[in-house]
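Report on the following structure.
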Amino acid sequence: MHTVNFDHFKLQPGDRVLDLGCGEGRHAITAYMLENVITVGIDLSLKDLDTTRTRFSEIEDPDNSHKKLFIAVADGSNLPFTDGSFDKIICSEVLEHIPDYEAVLAEIDRILKPGGIFAVSVPRFGPEWICWRLSDGYHAMEGGHIRIFKARQLRKDIEKFGMIHYRHHWAHALHVPYWWLKCLFWRENEADSPWIVKTYHRFLVWDLMKKPWITQLLEQMLNPILGKSVVMYFVKGLQSNAT
């Protein structure tokens, strides 16, 4: 399940791509599959990185020396990379978990080349606000969301670094009812979820695997109204405005 649309995140052969907070590797592995690029996926969760490594082993092409995927533990507020190391950076569904997210943005600005592309996504304000009202457990659990972003403010925070916004869209509208139901019937243990939550989850898995045209069309129509995530794309100016 991709949040970043790679049609708007044009990969070029030889690009160095960072997936910051890669989780289980959905964007990092996709970048590897789409183009001859050097991709780095970083996260703080060893469990998620192990999943990324397992998934990658199933599609790795060791005979193609023009593409690589590296996986490592790293802190987004103190990245172990030199200035201007990457052509493109993805940070998807990460900043809402981080207390000092502006420090992460500063690090992204530091390691992104001038003219480089930055794609970021966070939960959309409206659907996220309802989740918080329906359940404290949704955001209070360990590793949960600690803030609700307003897209306009986050865009301004990123533009302070001299990055230029060029596109945005919304994603995953069909996932919103699932999270509202999950929050309404909140259970710490997934196995204890009521049948309606489990049934909707099975529907989402079916949709992800089969991609029927009707649900794809429905999500496209609903995303501007109900999309769970807002996704923004920036290009770094030739001169950074960061102080």
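Chain labels A, B, ... are given in the sequence in which chains occur in the structure tokens; within each chain residues are numbered consecutively from 1, and ligands are likewise numbered from 1 in the order shown.
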
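When the distance limit is 9 Å and only C-alpha atoms are what count, the residues near Phe234 in chain A, minus those fewer than 2 positions from it on the same chain, are Gly116, Ile117, Phe118, Ala119, Val120, Ile158, Glu159, Met163, Ile164, His165, Tyr166, Arg167, Met232 and Lys236 of chain A.
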
Practice task
Fewer than 3 positions away in the same chain doesn't count, so skip those; otherwise give me all residues within 10 Å of His145 in chain A, counting only C-alpha atoms, as a list of chain:residue names.
Solution key: A:Glu93, A:Val94, A:Leu95, A:Glu96, A:His97, A:Ile98, A:Pro99, A:Pro123, A:Glu128, A:Trp132, A:Tyr138, A:His139, A:Ala140, A:Met141, A:Glu142, A:Ile148

Practice task
Within 12 Å of Lys198 in chain A, counting only C-alpha atoms, which residues show up once you throw out same-chain ones fewer than 4 positions away? Write them as a PyMOL selection string, please.
Solution key: chain A and resi 178-179+181-182+185+187+190-194+202-205

Exercise for the section: For His168 in chain A, please output as an NGL selection string all residues within 12 Å (counting only C-alpha atoms; exclusion window: fewer than 3 positions along the same chain). Expected result: :A and (3-5 or 8-9 or 118-122 or 151-152 or 155 or 164-165 or 171 or 223-224 or 229-234)

Problem - Of the listed residues A:Leu44, A:Val197, A:Ile89, A:Leu105, that which approaches Val17 in chain A most closely, counting only C-alpha atoms - result: A:Ile89

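Here CA of Ile146 in chain A is placed at a distance of 21.7 Å from CA of Ala173 in chain A.
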
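When only C-alpha atoms are used to measure the gap to Leu20 in chain A, the shortest distance among A:Asp63, A:Asp43, A:Glu102, A:Glu219 belongs to A:Asp43.
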
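Residues in contact range of Arg55 in chain A, defined as at most 9 Å between only C-alpha atoms, with sequence neighbours fewer than 4 positions away removed, read Glu24, Gly25, Ile29, Asp50, Thr51, Ile59 and Glu60 of chain A.
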
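Here CA of Val73 in chain A stands at a distance of 17.3 Å from CA of Phe86 in chain A.
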
Handout entry: Secondary structure check, alpha helix (DSSP H) residues of range 92-177 of chain A, as a ChimeraX atom specification
Key = /A:101-111,125-134,137-140,151-159,176-177

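Distance annotation: of A:Asp136, A:Val40, A:Ala28, A:Leu69, the residue with the minimal separation from Glu188 in chain A is A:Asp136; atom set is only C-alpha atoms.
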
Problem - Nearby residues (only C-alpha atoms) at most 12 Å from Leu222 in chain A, same-chain spacing under 6 positions excluded, as a ChimeraX atom specification - result: /A:169-177,215-216,228

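If only C-alpha atoms are the atoms counted, then among A:Cys131, A:Ile108, A:Cys183, A:Tyr32 the closest residue to Cys91 in chain A is A:Ile108.
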
Exercise for the section: Just the strand (DSSP E) stuff from range 27-181 of chain A, please, per backbone DSSP, written as a PyMOL selection string. Expected result: chain A and resi 38-43+68-73+86-92+112-123+163-171

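Residue neighbourhood of range 77-81 of chain A, excluding near-sequence residues (fewer than 2 positions): Ala74, Asp75, Asp83, Ser85, Ala103, Val104, Glu107 and Ile111 of chain A, at 7 Å, using only C-alpha atoms.
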